[in-house]
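Engineer: Pasting start_1.csv here (CSV, C-alpha atoms and all ligand atoms):
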chain,number,residue,atom,x,y,z
A,773,MET,CA,-6.6,15.5,24.3
A,774,GLN,CA,-7.1,14.5,20.6
A,775,PRO,CA,-4.7,11.7,19.5
A,776,ASN,CA,-2.3,14.0,17.5
A,777,GLN,CA,-2.9,17.2,19.5
A,778,ALA,CA,0.6,17.2,20.9
A,779,GLN,CA,2.0,17.2,17.4
A,780,ALA,CA,-0.4,19.9,16.3
A,781,LEU,CA,0.7,22.0,19.2
A,782,TYR,CA,4.4,21.3,18.6
A,783,TRP,CA,4.2,22.2,14.8
A,784,SER,CA,2.3,25.4,15.6
A,785,SER,CA,4.8,26.4,18.3
A,786,GLU,CA,7.8,28.6,17.7
A,787,SER,CA,10.0,25.5,17.3
A,788,GLY,CA,7.8,24.0,14.6
A,789,GLN,CA,7.3,27.3,12.8
A,790,LYS,CA,11.1,27.5,12.3
A,791,TRP,CA,10.3,25.4,9.2
A,792,ILE,CA,8.8,28.6,7.7
A,793,TRP,CA,11.6,30.9,8.9
A,794,PHE,CA,14.2,28.5,7.3
A,795,GLU,CA,12.1,27.6,4.3
A,796,THR,CA,14.7,28.9,1.7
A,797,GLU,CA,17.5,26.8,3.2
A,798,LEU,CA,15.1,23.8,3.7
A,799,ASP,CA,14.0,23.9,0.1
A,800,LEU,CA,17.6,23.9,-1.1
A,801,VAL,CA,18.9,21.2,1.2
A,802,PHE,CA,16.0,18.7,1.0
A,803,SER,CA,15.4,19.0,-2.7
A,804,ALA,CA,17.6,15.9,-3.0
A,805,VAL,CA,15.0,14.0,-1.0
A,806,ASP,CA,12.3,15.1,-3.4
A,807,ASP,CA,14.5,13.8,-6.3
A,808,ALA,CA,14.8,10.5,-4.5
A,809,LEU,CA,11.0,10.3,-4.0
A,810,ILE,CA,10.4,11.2,-7.6
A,811,LYS,CA,12.8,8.5,-8.8
A,812,ARG,CA,10.9,5.8,-6.7
A,813,ALA,CA,7.3,7.0,-7.4
A,814,ALA,CA,7.1,6.4,-11.2
A,815,THR,CA,4.5,9.2,-11.4
A,816,GLN,CA,2.4,9.5,-14.6
A,817,PRO,CA,0.8,12.6,-16.0
A,818,GLY,CA,-2.9,13.0,-14.9
A,819,GLU,CA,-2.4,11.2,-11.6
A,820,ARG,CA,-4.0,12.3,-8.3
A,821,ILE,CA,-1.4,12.6,-5.5
A,822,LEU,CA,-1.8,12.9,-1.7
A,823,ASP,CA,1.2,14.6,0.1
A,824,ILE,CA,1.1,13.8,3.8
A,825,GLY,CA,2.5,16.3,6.4
A,826,CYS,CA,3.3,18.7,3.5
A,827,GLY,CA,4.7,21.5,5.7
A,828,THR,CA,5.3,24.5,3.5
A,829,GLY,CA,4.7,22.5,0.4
A,830,ALA,CA,8.1,22.0,-1.2
A,831,THR,CA,7.6,18.4,-2.1
A,832,THR,CA,4.1,19.1,-3.4
A,833,ARG,CA,5.6,21.7,-5.8
A,834,ALA,CA,8.4,19.3,-6.8
A,835,PHE,CA,5.7,16.7,-7.9
A,836,VAL,CA,3.5,19.3,-9.8
A,837,PRO,CA,5.3,18.9,-13.2
A,838,ARG,CA,5.1,15.1,-12.9
A,839,VAL,CA,1.3,15.0,-13.0
A,840,ALA,CA,0.8,18.1,-15.2
A,841,PRO,CA,-1.3,19.2,-17.0
A,842,SER,CA,-4.4,17.3,-15.8
A,843,GLY,CA,-3.2,15.7,-12.5
A,844,LYS,CA,-4.0,17.1,-9.1
A,845,ILE,CA,-2.2,17.1,-5.8
A,846,THR,CA,-3.9,17.4,-2.4
A,847,ALA,CA,-1.5,18.2,0.4
A,848,VAL,CA,-2.5,17.9,4.0
A,849,ASP,CA,-0.9,19.2,7.2
A,850,ILE,CA,-2.0,19.4,10.8
A,851,SER,CA,-0.5,22.9,11.2
A,852,PRO,CA,-2.8,25.7,10.0
A,853,ALA,CA,0.2,28.1,9.7
A,854,PHE,CA,2.0,25.8,7.3
A,855,VAL,CA,-1.0,25.2,5.2
A,856,SER,CA,-1.8,28.9,5.0
A,857,HIS,CA,1.8,29.6,4.0
A,858,ALA,CA,1.8,26.9,1.3
A,859,ARG,CA,-1.6,28.2,0.0
A,860,ASP,CA,-0.1,31.8,-0.3
A,861,ARG,CA,2.8,30.4,-2.3
A,862,ALA,CA,0.4,28.4,-4.5
A,863,LYS,CA,-1.5,31.6,-5.4
A,864,LEU,CA,1.6,32.8,-7.2
A,865,THR,CA,1.4,29.8,-9.6
A,866,ALA,CA,-1.3,28.1,-11.6
A,867,ASP,CA,-0.4,24.8,-10.0
A,868,ASN,CA,-3.2,22.3,-9.7
A,869,THR,CA,-2.8,21.9,-5.9
A,870,GLU,CA,-5.0,22.0,-2.9
A,871,PHE,CA,-3.6,22.5,0.6
A,872,VAL,CA,-5.8,21.3,3.5
A,873,VAL,CA,-5.5,21.4,7.3
A,874,ALA,CA,-6.2,17.9,8.4
A,875,ASP,CA,-5.0,15.1,10.7
A,876,ALA,CA,-4.0,12.5,8.2
A,877,GLN,CA,-4.6,9.8,10.8
A,878,SER,CA,-8.3,10.2,10.8
A,879,ALA,CA,-9.4,12.8,8.1
A,880,GLU,CA,-11.4,12.1,5.0
A,881,ILE,CA,-9.3,13.9,2.5
A,882,SER,CA,-10.7,15.8,-0.5
A,883,GLY,CA,-9.4,14.7,-3.9
A,884,ALA,CA,-9.6,11.0,-3.0
A,885,PRO,CA,-9.2,8.3,-4.3
A,886,PHE,CA,-5.4,8.8,-4.9
A,887,ASP,CA,-3.1,7.1,-7.3
A,888,LEU,CA,-0.1,7.9,-5.3
A,889,VAL,CA,0.6,8.9,-1.7
A,890,ILE,CA,3.9,10.7,-0.9
A,891,SER,CA,5.6,12.1,2.1
A,892,ARG,CA,8.9,13.8,2.8
A,893,PHE,CA,9.5,13.5,6.6
A,894,GLY,CA,5.8,14.0,7.3
A,895,SER,CA,4.5,10.6,8.3
A,896,MET,CA,6.5,9.6,11.4
A,897,PHE,CA,4.5,11.6,13.8
A,898,PHE,CA,1.2,9.7,14.1
A,899,ALA,CA,0.1,8.7,17.6
A,900,ASP,CA,-1.3,5.5,16.1
A,901,PRO,CA,0.6,4.8,12.8
A,902,VAL,CA,-1.3,1.6,11.9
A,903,GLU,CA,-4.7,3.5,12.2
A,904,ALA,CA,-3.2,6.4,10.2
A,905,PHE,CA,-2.0,4.2,7.3
A,906,ARG,CA,-5.3,2.3,7.3
A,907,ASN,CA,-7.1,5.6,6.9
A,908,ILE,CA,-4.7,6.6,4.1
A,909,LEU,CA,-5.0,3.2,2.4
A,910,LYS,CA,-8.8,3.6,2.4
A,911,GLN,CA,-8.5,6.7,0.3
A,912,MET,CA,-6.2,5.2,-2.4
A,913,LYS,CA,-7.3,3.7,-5.7
A,914,PRO,CA,-7.0,0.0,-6.1
A,915,ALA,CA,-3.3,-0.5,-7.2
A,916,GLY,CA,-2.5,2.9,-5.7
A,917,ARG,CA,1.1,3.4,-4.6
A,918,LEU,CA,2.8,4.8,-1.5
A,919,THR,CA,6.3,6.3,-1.5
A,920,ILE,CA,7.6,7.9,1.7
A,921,ALA,CA,10.9,9.2,3.1
A,922,ALA,CA,12.0,9.3,6.7
A,923,TRP,CA,15.2,9.7,8.7
A,924,ALA,CA,17.3,6.6,9.4
A,925,LYS,CA,19.1,6.2,12.7
A,926,ALA,CA,20.8,9.4,14.1
A,927,LYS,CA,24.1,7.5,14.6
A,928,GLY,CA,26.2,7.9,11.5
A,929,ASN,CA,23.8,10.6,10.3
A,930,PRO,CA,25.7,13.9,10.7
A,931,TRP,CA,22.6,16.1,10.0
A,932,PHE,CA,21.2,14.6,13.2
A,933,GLU,CA,24.2,13.5,15.2
A,934,ALA,CA,26.1,16.8,15.3
A,935,PRO,CA,23.2,19.1,16.5
A,936,LYS,CA,21.8,16.5,18.8
A,937,SER,CA,25.0,15.8,20.6
A,938,ALA,CA,25.7,19.5,21.0
A,939,ALA,CA,22.2,20.2,22.3
A,940,VAL,CA,22.4,17.3,24.8
A,941,LYS,CA,25.8,18.5,26.0
A,942,ILE,CA,24.6,22.1,26.4
A,943,LEU,CA,21.0,21.6,27.6
A,944,GLY,CA,20.3,17.9,28.4
A,945,PRO,CA,18.7,14.7,26.9
A,946,LEU,CA,15.3,14.0,25.5
A,947,ASP,CA,13.4,11.0,26.9
A,948,GLN,CA,14.5,8.3,24.6
A,949,SER,CA,12.8,5.3,26.1
A,950,ASN,CA,11.0,4.2,22.9
A,951,PRO,CA,13.1,4.6,19.7
A,952,ASN,CA,10.0,4.2,17.6
A,953,ALA,CA,8.0,6.9,19.4
A,954,PRO,CA,6.4,9.5,17.1
A,955,GLY,CA,9.0,12.1,16.1
A,956,PRO,CA,11.6,12.9,13.5
A,957,LEU,CA,13.3,9.5,14.2
A,958,GLY,CA,10.1,7.5,14.7
A,959,PHE,CA,10.6,5.6,11.4
A,960,GLN,CA,14.3,4.9,11.9
A,961,ASN,CA,13.8,1.2,12.2
A,962,VAL,CA,13.0,-0.2,8.7
A,963,GLU,CA,11.5,-3.5,9.9
A,964,HIS,CA,9.2,-1.7,12.4
A,965,VAL,CA,7.8,0.5,9.6
A,966,VAL,CA,7.4,-2.4,7.2
A,967,GLY,CA,5.4,-4.1,9.9
A,968,ILE,CA,3.2,-1.0,10.4
A,969,LEU,CA,2.4,-0.8,6.7
A,970,LYS,CA,1.6,-4.5,6.4
A,971,GLU,CA,-0.6,-4.4,9.5
A,972,ALA,CA,-2.5,-1.4,8.0
A,973,GLY,CA,-3.3,-3.5,4.9
A,974,PHE,CA,-0.6,-2.5,2.4
A,975,GLN,CA,1.0,-5.1,0.1
A,976,ASN,CA,4.3,-5.3,-1.7
A,977,VAL,CA,5.8,-3.4,1.2
A,978,GLU,CA,9.5,-2.6,0.9
A,979,GLY,CA,11.9,-0.5,3.0
A,980,GLU,CA,15.5,0.4,2.4
A,981,THR,CA,18.1,2.7,3.8
A,982,ALA,CA,19.8,4.9,1.2
A,983,THR,CA,22.3,7.7,1.4
A,984,VAL,CA,21.3,11.0,-0.2
A,985,GLU,CA,23.6,14.0,-0.4
A,986,LEU,CA,22.1,17.2,1.1
A,987,ALA,CA,23.7,20.0,-0.9
A,988,HIS,CA,23.8,23.8,0.0
A,989,PRO,CA,25.8,26.6,-1.7
A,990,GLY,CA,27.1,27.8,1.7
A,991,PRO,CA,28.4,29.4,3.7
A,992,VAL,CA,28.6,26.6,6.2
A,993,GLU,CA,27.2,28.8,9.0
A,994,ARG,CA,23.8,28.9,7.2
A,995,VAL,CA,23.6,25.2,6.9
A,996,ALA,CA,24.6,24.8,10.5
A,997,ALA,CA,22.0,27.3,11.7
A,998,LEU,CA,19.4,25.3,9.8
A,999,ALA,CA,20.4,21.9,11.3
A,1000,SER,CA,20.6,23.5,14.8
A,1001,ASN,CA,17.2,25.0,14.7
A,1002,ILE,CA,15.1,22.1,13.4
A,1003,GLY,CA,15.1,18.4,14.0
A,1004,PRO,CA,16.1,16.8,17.3
A,1005,ALA,CA,18.0,19.8,18.5
A,1006,ALA,CA,14.8,21.9,18.2
A,1007,ARG,CA,13.0,19.5,20.5
A,1008,ILE,CA,15.7,19.6,23.1
A,1009,ILE,CA,15.9,23.4,22.8
A,1010,LYS,CA,12.1,23.5,23.3
A,1011,LYS,CA,12.1,21.1,26.3
A,1012,TYR,CA,14.8,23.0,28.2
A,1013,ASP,CA,13.6,26.5,27.0
A,1014,GLY,CA,17.0,27.1,25.5
A,1015,SER,CA,18.1,30.7,25.1
A,1016,ALA,CA,19.5,32.4,22.0
A,1017,GLY,CA,22.9,31.9,23.5
A,1018,ASP,CA,22.4,28.2,23.8
A,1019,ILE,CA,21.3,28.0,20.1
A,1020,GLU,CA,24.4,30.0,19.1
A,1021,ALA,CA,26.6,27.5,21.1
A,1022,ILE,CA,24.9,24.5,19.4
A,1023,THR,CA,25.4,26.2,16.0
A,1024,GLU,CA,29.1,26.8,16.6
A,1025,PHE,CA,29.6,23.2,17.4
A,1026,VAL,CA,27.7,22.2,14.2
A,1027,VAL,CA,29.8,24.6,12.1
A,1028,ALA,CA,33.0,23.0,13.3
A,1029,ASP,CA,31.6,19.5,12.6
A,1030,PHE,CA,30.2,20.4,9.1
A,1031,ARG,CA,33.4,22.0,7.9
A,1032,LYS,CA,34.6,18.6,6.7
A,1033,PHE,CA,31.8,18.6,4.2
A,1034,VAL,CA,32.7,21.9,2.5
A,1035,GLY,CA,33.9,21.3,-1.0
A,1036,SER,CA,35.2,23.6,-3.7
A,1037,GLU,CA,31.7,24.3,-5.1
A,1038,ASP,CA,29.2,23.6,-2.3
A,1039,ILE,CA,28.6,21.8,1.0
A,1040,ARG,CA,27.5,18.2,0.7
A,1041,ILE,CA,26.2,16.4,3.8
A,1042,PRO,CA,25.6,12.6,3.4
A,1043,ALA,CA,22.2,11.7,4.9
A,1044,ASN,CA,21.0,8.2,5.6
A,1045,LEU,CA,17.3,8.0,4.9
A,1046,ASN,CA,14.7,5.3,5.0
A,1047,PHE,CA,12.5,5.0,1.9
A,1048,PHE,CA,9.3,2.9,2.0
A,1049,THR,CA,7.2,1.8,-1.0
A,1050,ALA,CA,3.9,-0.1,-0.8
A,1051,GLN,CA,0.8,-0.7,-2.8
A,1052,ARG,CA,-2.9,-1.1,-2.2
A,1053,VAL,CA,-4.0,-4.3,-3.9
A,1054,GLY,CA,-7.7,-4.6,-4.6
B,1101,LIG,C1,9.3,17.3,9.6
B,1101,LIG,S1,7.9,18.2,9.0
B,1101,LIG,C2,8.0,17.9,7.3
B,1101,LIG,C3,7.3,18.9,6.4
B,1101,LIG,C4,7.5,18.8,4.9
B,1101,LIG,N1,7.0,17.5,4.4
B,1101,LIG,C5,8.9,19.0,4.5
B,1101,LIG,O1,9.6,18.0,4.3
B,1101,LIG,O2,9.3,20.1,4.4
B,1101,LIG,C6,6.6,17.2,9.5
B,1101,LIG,C7,5.2,17.7,9.1
B,1101,LIG,O3,4.2,16.8,9.5
B,1101,LIG,C8,3.1,17.4,9.9
B,1101,LIG,N2,2.2,16.5,10.7
B,1101,LIG,C9,2.6,15.9,11.9
B,1101,LIG,N3,1.5,15.1,12.3
B,1101,LIG,C10,0.6,15.2,11.3
B,1101,LIG,C11,-0.7,14.6,11.2
B,1101,LIG,N4,-1.2,13.8,12.1
B,1101,LIG,N5,-1.4,14.9,10.1
B,1101,LIG,C12,-0.9,15.7,9.1
B,1101,LIG,N6,0.3,16.4,9.2
B,1101,LIG,C13,1.0,16.1,10.3
B,1101,LIG,C14,3.7,18.6,10.7
B,1101,LIG,O4,2.7,19.6,10.9
B,1101,LIG,C15,4.8,19.0,9.8
B,1101,LIG,O5,4.5,20.0,8.9
What's the structure tokens form of this structure?
Structural biologist:
Amino acid sequence: MQPNQAQALYWSSESGQKWIWFETELDLVFSAVDDALIKRAATQPGERILDIGCGTGATTRAFVPRVAPSGKITAVDISPAFVSHARDRAKLTADNTEFVVADAQSAEISGAPFDLVISRFGSMFFADPVEAFRNILKQMKPAGRLTIAAWAKAKGNPWFEAPKSAAVKILGPLDQSNPNAPGPLGFQNVEHVVGILKEAGFQNVEGETATVELAHPGPVERVAALASNIGPAARIIKKYDGSAGDIEAITEFVVADFRKFVGSEDIRIPANLNFFTAQRVG
């Protein structure tokens, strides 16, 4: 089996493809994460960007105006279905973007060398993260920057805690022997990731946990369905071959938990995220 084949299979499975089914909700809820990345990235017009694990391309599209008119974004993903979906959306615009099917751990990526590497929740899945970030570093310009976002610990993170505890109660646990194993929570430990980036050759590496508000216009049932169908609950549902009834039961639990976040105008769920910035020097 190729190093990241398990991830390639997962993201092309029904569980992974839910990121396409729930794209509208995802684009709304995670746009705050794009804003946080944009704030940290200090992008300049004309720059070349690499988006790692781009999924359906929301973050790529959020960065397009930052490099316009002459900049270019290459977005890579290991899942052909995501890339094809993102390409179809890009056909509707004149964006200077290229979506490529590639394993970012080992691929030579077209559009290199890059001024900036970004990723929203797309870089915690590498079988060998040091090798992956070494490969990425090689394809950056001298003084190129990296800005990525990942989930912080599930505990105290309702987006993760509520669906995960419901899924564990209804179906069963995932094997949690290694908290840093590739997966949605693989970069939950800031020091661990700072170590990976340094070992890969990055300098000026910094990591911080920050709280971002995930906002959705409602109703709460829609947000709860999203949180129940992707993330750690999705992996539990896949492992135990959960039925539609199981997913409904998980969603009901999440609706009850998320009600406390319903405000007069929208639903705002605080999310603890880890942001990492680093540079190629020389
Ligand atoms: C949690 S999703 C995030 C997608 C997107 N960045 C977003 O925020 O909507 C993780 C993505 O990483 C991709 N991925 C996982 N391993 C990868 C690899 N080795 N190379 C490229 N993409 C990968 C998956 O296919 C998936 O689209």
Engineer: For Leu946 in chain A, which residue among A:Arg1007, A:Leu809, A:Ala1016, A:Leu798 is the nearest when counting all atoms listed in the file?
Structural biologist: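 Of all the options, A:Arg1007 lies closest to Leu946 in chain A.
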Engineer: Around (9.0, 24.9, 14.5) in the file's frame, which residues reach within 12 Å when counting only C-alpha atoms? Return as a count of residues only?
Structural biologist: 33
Engineer: Figure out the distance between CA of Ala1028 in chain A and atom C4 of ligand LIG 1101 (chain B), please, to one decimal in Å.
Structural biologist: 27.2 Å
Engineer: Excluding Asn952 in chain A and residues on its chain fewer than 3 positions from it, collect all residues at most 10 Å away from it, counting all atoms listed in the file, and give them as an mmCIF file with C-alpha atoms, in the coordinates of the input.
Structural biologist:
data_model
loop_
_atom_site.group_PDB
_atom_site.id
_atom_site.type_symbol
_atom_site.label_atom_id
_atom_site.label_comp_id
_atom_site.auth_asym_id
_atom_site.auth_seq_id
_atom_site.Cartn_x
_atom_site.Cartn_y
_atom_site.Cartn_z
ATOM 1 C CA MET A 896 6.500 9.600 11.400
ATOM 2 C CA PHE A 897 4.500 11.600 13.800
ATOM 3 C CA GLN A 948 14.500 8.300 24.600
ATOM 4 C CA SER A 949 12.800 5.300 26.100
ATOM 5 C CA GLY A 955 9.000 12.100 16.100
ATOM 6 C CA PRO A 956 11.600 12.900 13.500
ATOM 7 C CA LEU A 957 13.300 9.500 14.200
ATOM 8 C CA GLY A 958 10.100 7.500 14.700
ATOM 9 C CA PHE A 959 10.600 5.600 11.400
ATOM 10 C CA GLN A 960 14.300 4.900 11.900
ATOM 11 C CA ASN A 961 13.800 1.200 12.200
ATOM 12 C CA HIS A 964 9.200 -1.700 12.400
ATOM 13 C CA VAL A 965 7.800 0.500 9.600
#
Engineer: Would you mind reading off the distance between CA of Arg833 in chain A and CA of Asp799 in chain A, one decimal, in Å?
Structural biologist: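 Distance reported for this atom pair: 10.5 Å.
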Engineer: Rank A:Val839, A:Ala830, A:Val1026, A:Leu918 by their smallest atom-to-atom distance to Arg859 in chain A, using only C-alpha atoms, and report the top residue only.
Structural biologist: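 Between A:Val839, A:Ala830, A:Val1026, A:Leu918, the residue approaching Arg859 in chain A most closely is A:Ala830.
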Engineer: To one decimal place, how far is CA of Ile850 in chain A from CA of Asp806 in chain A in Å?
Structural biologist: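 It comes out at 20.6 Å.
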Engineer: Tell me which residues come within 10 Å of (4.9, 18.5, 0.4), as a compact mmCIF listing (two decimals) with C-alpha atoms, in the frame of the given file, counting only C-alpha atoms in the file's coordinates.
Structural biologist:
# COMPACT_ATOMS: atom_id res chain seq x y z
CA ASP A 806 12.30 15.10 -3.40
CA LEU A 822 -1.80 12.90 -1.70
CA ASP A 823 1.20 14.60 0.10
CA ILE A 824 1.10 13.80 3.80
CA GLY A 825 2.50 16.30 6.40
CA CYS A 826 3.30 18.70 3.50
CA GLY A 827 4.70 21.50 5.70
CA THR A 828 5.30 24.50 3.50
CA GLY A 829 4.70 22.50 0.40
CA ALA A 830 8.10 22.00 -1.20
CA THR A 831 7.60 18.40 -2.10
CA THR A 832 4.10 19.10 -3.40
CA ARG A 833 5.60 21.70 -5.80
CA ALA A 834 8.40 19.30 -6.80
CA PHE A 835 5.70 16.70 -7.90
CA ILE A 845 -2.20 17.10 -5.80
CA THR A 846 -3.90 17.40 -2.40
CA ALA A 847 -1.50 18.20 0.40
CA VAL A 848 -2.50 17.90 4.00
CA ASP A 849 -0.90 19.20 7.20
CA ALA A 858 1.80 26.90 1.30
CA PHE A 871 -3.60 22.50 0.60
CA ILE A 890 3.90 10.70 -0.90
CA SER A 891 5.60 12.10 2.10
CA ARG A 892 8.90 13.80 2.80
CA PHE A 893 9.50 13.50 6.60
CA GLY A 894 5.80 14.00 7.30
Engineer: With all atoms listed in the file as the basis for distance, which of A:Ala904, A:Ala862, A:Leu888, A:Ala953 is at the shortest distance from ligand LIG 1101 (chain B)?
Structural biologist: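 Of the candidates, the smallest distance to ligand LIG 1101 (chain B) is held by A:Ala904.
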Engineer: Tell me which of A:Pro954, A:Gly818, A:Pro914, A:Gly883 sits closest to ligand LIG 1101 (chain B), counting only C-alpha atoms and all ligand atoms.
Structural biologist: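 Looking at the shortest contact to ligand LIG 1101 (chain B), the residue is A:Pro954.
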Engineer: Find the residues around Val940 in chain A up to 10 Å (all atoms listed in the file counted), leave out those fewer than 2 positions away in its own chain, and share them as a list in words.
Structural biologist: Pro935, Lys936, Ser937, Ala938, Ile942, Leu943, Gly944, Pro945, Leu946, Pro1004, Ala1005, Ile1008, Ile1009 and Ile1022 of chain A
Engineer: Show which residues sit within 8 Å of Val836 in chain A, as a list of chain:residue names. Count only C-alpha atoms, and ignore same-chain residues fewer than 6 positions away.
Structural biologist: A:Lys844, A:Ile845, A:Asp867, A:Asn868, A:Thr869
Engineer: Convert the current residue selection to file output with C-alpha atoms, as a tab-separated table (two decimals), in the frame of the given file.
Structural biologist:
chain	number	residue	atom	x	y	z
A	844	LYS	CA	-4.00	17.10	-9.10
A	845	ILE	CA	-2.20	17.10	-5.80
A	867	ASP	CA	-0.40	24.80	-10.00
A	868	ASN	CA	-3.20	22.30	-9.70
A	869	THR	CA	-2.80	21.90	-5.90
Engineer: Of the candidates A:Glu870, A:Asp1029, A:Asp1013, A:Glu980, which shows the shortest atom-to-atom distance to Ile1041 in chain A, using only C-alpha atoms?
Structural biologist: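 Using only C-alpha atoms, the shortest distance to Ile1041 in chain A belongs to A:Asp1029.
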Engineer: Just checking: using all atoms listed in the file, which residue out of A:Val902, A:Val995, A:Ala1021, A:Leu969 ends up closest to Thr1049 in chain A?
Structural biologist: A:Leu969
Engineer: Reconstruct N, CA, C and O atoms of range 876-887 of chain A from the incomplete input and present them as a PDB file, keeping the file's coordinate frame.
Structural biologist:
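Result file is result.pdb:
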ATOM      1  N   ALA A 876      -3.982  13.557   9.150  1.00  0.00           N
ATOM      2  CA  ALA A 876      -4.000  12.500   8.200  1.00  0.00           C
ATOM      3  C   ALA A 876      -4.348  11.123   8.811  1.00  0.00           C
ATOM      4  O   ALA A 876      -4.709  10.175   8.125  1.00  0.00           O
ATOM      5  N   GLN A 877      -4.233  11.043  10.134  1.00  0.00           N
ATOM      6  CA  GLN A 877      -4.600   9.800  10.800  1.00  0.00           C
ATOM      7  C   GLN A 877      -6.056   9.467  10.743  1.00  0.00           C
ATOM      8  O   GLN A 877      -6.446   8.309  10.729  1.00  0.00           O
ATOM      9  N   SER A 878      -6.884  10.505  10.673  1.00  0.00           N
ATOM     10  CA  SER A 878      -8.300  10.200  10.800  1.00  0.00           C
ATOM     11  C   SER A 878      -9.162  10.953   9.714  1.00  0.00           C
ATOM     12  O   SER A 878     -10.322  10.601   9.527  1.00  0.00           O
ATOM     13  N   ALA A 879      -8.599  11.924   9.001  1.00  0.00           N
ATOM     14  CA  ALA A 879      -9.400  12.800   8.100  1.00  0.00           C
ATOM     15  C   ALA A 879      -9.860  12.033   6.848  1.00  0.00           C
ATOM     16  O   ALA A 879      -9.129  11.191   6.323  1.00  0.00           O
ATOM     17  N   GLU A 880     -11.056  12.398   6.379  1.00  0.00           N
ATOM     18  CA  GLU A 880     -11.400  12.100   5.000  1.00  0.00           C
ATOM     19  C   GLU A 880     -10.904  13.178   4.148  1.00  0.00           C
ATOM     20  O   GLU A 880     -11.219  14.348   4.397  1.00  0.00           O
ATOM     21  N   ILE A 881     -10.115  12.833   3.166  1.00  0.00           N
ATOM     22  CA  ILE A 881      -9.300  13.900   2.500  1.00  0.00           C
ATOM     23  C   ILE A 881      -9.950  14.169   1.100  1.00  0.00           C
ATOM     24  O   ILE A 881     -10.192  13.237   0.327  1.00  0.00           O
ATOM     25  N   SER A 882     -10.127  15.459   0.825  1.00  0.00           N
ATOM     26  CA  SER A 882     -10.700  15.800  -0.500  1.00  0.00           C
ATOM     27  C   SER A 882      -9.758  15.475  -1.586  1.00  0.00           C
ATOM     28  O   SER A 882      -8.547  15.551  -1.410  1.00  0.00           O
ATOM     29  N   GLY A 883     -10.305  15.075  -2.742  1.00  0.00           N
ATOM     30  CA  GLY A 883      -9.400  14.700  -3.900  1.00  0.00           C
ATOM     31  C   GLY A 883      -9.241  13.196  -3.964  1.00  0.00           C
ATOM     32  O   GLY A 883      -8.708  12.694  -4.955  1.00  0.00           O
ATOM     33  N   ALA A 884      -9.692  12.434  -2.912  1.00  0.00           N
ATOM     34  CA  ALA A 884      -9.600  11.000  -3.000  1.00  0.00           C
ATOM     35  C   ALA A 884     -10.510  10.423  -4.013  1.00  0.00           C
ATOM     36  O   ALA A 884     -11.526  11.065  -4.313  1.00  0.00           O
ATOM     37  N   PRO A 885     -10.268   9.248  -4.588  1.00  0.00           N
ATOM     38  CA  PRO A 885      -9.200   8.300  -4.300  1.00  0.00           C
ATOM     39  C   PRO A 885      -7.881   8.727  -5.031  1.00  0.00           C
ATOM     40  O   PRO A 885      -7.923   9.270  -6.124  1.00  0.00           O
ATOM     41  N   PHE A 886      -6.740   8.390  -4.395  1.00  0.00           N
ATOM     42  CA  PHE A 886      -5.400   8.800  -4.900  1.00  0.00           C
ATOM     43  C   PHE A 886      -4.704   7.656  -5.602  1.00  0.00           C
ATOM     44  O   PHE A 886      -4.784   6.503  -5.180  1.00  0.00           O
ATOM     45  N   ASP A 887      -3.966   8.029  -6.665  1.00  0.00           N
ATOM     46  CA  ASP A 887      -3.100   7.100  -7.300  1.00  0.00           C
ATOM     47  C   ASP A 887      -1.808   6.853  -6.566  1.00  0.00           C
ATOM     48  O   ASP A 887      -1.201   5.785  -6.614  1.00  0.00           O
TER      49      ASP A 887
END
